[in-house]
Amino acid sequence: MMRRLAAGLAAAALGVTVAGAAASPALADPGPDDGHTQLAFDASPEPAWRGNPLTLTGKLSVRCDDDYIDGFVSVHHADYCRDSESWHRLGWKRIVILFQPARSGKWEYVETVRTSRKGYFHTKVPAYTSGTWRAVFEGDHRLEPAEATDWVKVVGHRR
């Protein structure tokens with residue numbers, strides 16, 4: 001049920017068609033005191049062989065600002081901000097993975113993954129066609145949404 005709900009929220013916010021997902025309002029604009037998030041994302045190998053696994057990896061972070069470390073947002077199981085750090089990794093957050101085939105205007109829902117306790121996520125998917133992969137963090141409590149994309153070319157069958 002939670003996976004279907006997350007897919008519905010991502011679909012409504014991003015204009016994606018997902019079978020069985022109910023329409024919901026778009027994400028609210030983040031307020032001035034929300035934590036500024038950053039999503040690093042990579043799809044590899046590039047180029048990928050058709051039918052072989054494609055590894056999607058990334059890291060979710062939030063800026064170590066006074067507006068984040070103010071007691072309103074609780075980040076459990078993540079590393080703390082040291083004096084020399086400017087970004088704090090976010091653990092146990094949902095990341096929605098989407099795919100847009102080349103020459104297509106529609107994003108397709110692939111799956112929802114969670115970041116590890118250190119803010120990293122990864123999954124493997126089969127590579128069938130060239131296109132753009134997209135990772136989306138929808139925001140959480142007082143954290144801004146973030147997203148990142150990576151285009152991958154898929155080449156013929158491996159022999």
# chains A, B, ... in the order shown; residues from 1 in each chain; ligands from 1

call {"tool": "residues_around", "arguments": {"residues": "Thr112 in chain A", "least_positions_apart": "5", "cutoff": "6 Å", "atoms": "only C-alpha atoms", "output": "number ranges by chain"}}
result
A: 95-97

call {"tool": "write_last_selection", "arguments": {"atoms": "C-alpha atoms", "output": "compact mmCIF listing (two decimals), in the first residue's frame"}}
result
# COMPACT_ATOMS: atom_id res chain seq x y z
CA ILE A 95 13.59 7.86 -3.53
CA VAL A 96 11.29 7.35 -6.54
CA ILE A 97 12.99 6.02 -9.70

call {"tool": "closest_residue", "arguments": {"among": "A:Val154, A:Ala40, A:Pro101, A:Ser61", "to": "Trp87 in chain A", "atoms": "only C-alpha atoms"}}
result
A:Ser61

call {"tool": "closest_residue", "arguments": {"among": "A:Gly58, A:Glu85, A:Gly35, A:Ala102", "to": "Gly119 in chain A", "atoms": "only C-alpha atoms"}}
result
A:Gly58

call {"tool": "closest_residue", "arguments": {"among": "A:Lys59, A:Thr123, A:Gly105, A:Ala146", "to": "His88 in chain A", "atoms": "only C-alpha atoms"}}
result
A:Lys59

call {"tool": "atom_distance", "arguments": {"atom1": "CA of Ser44 in chain A", "atom2": "CA of Trp133 in chain A"}}
result
10.6 Å
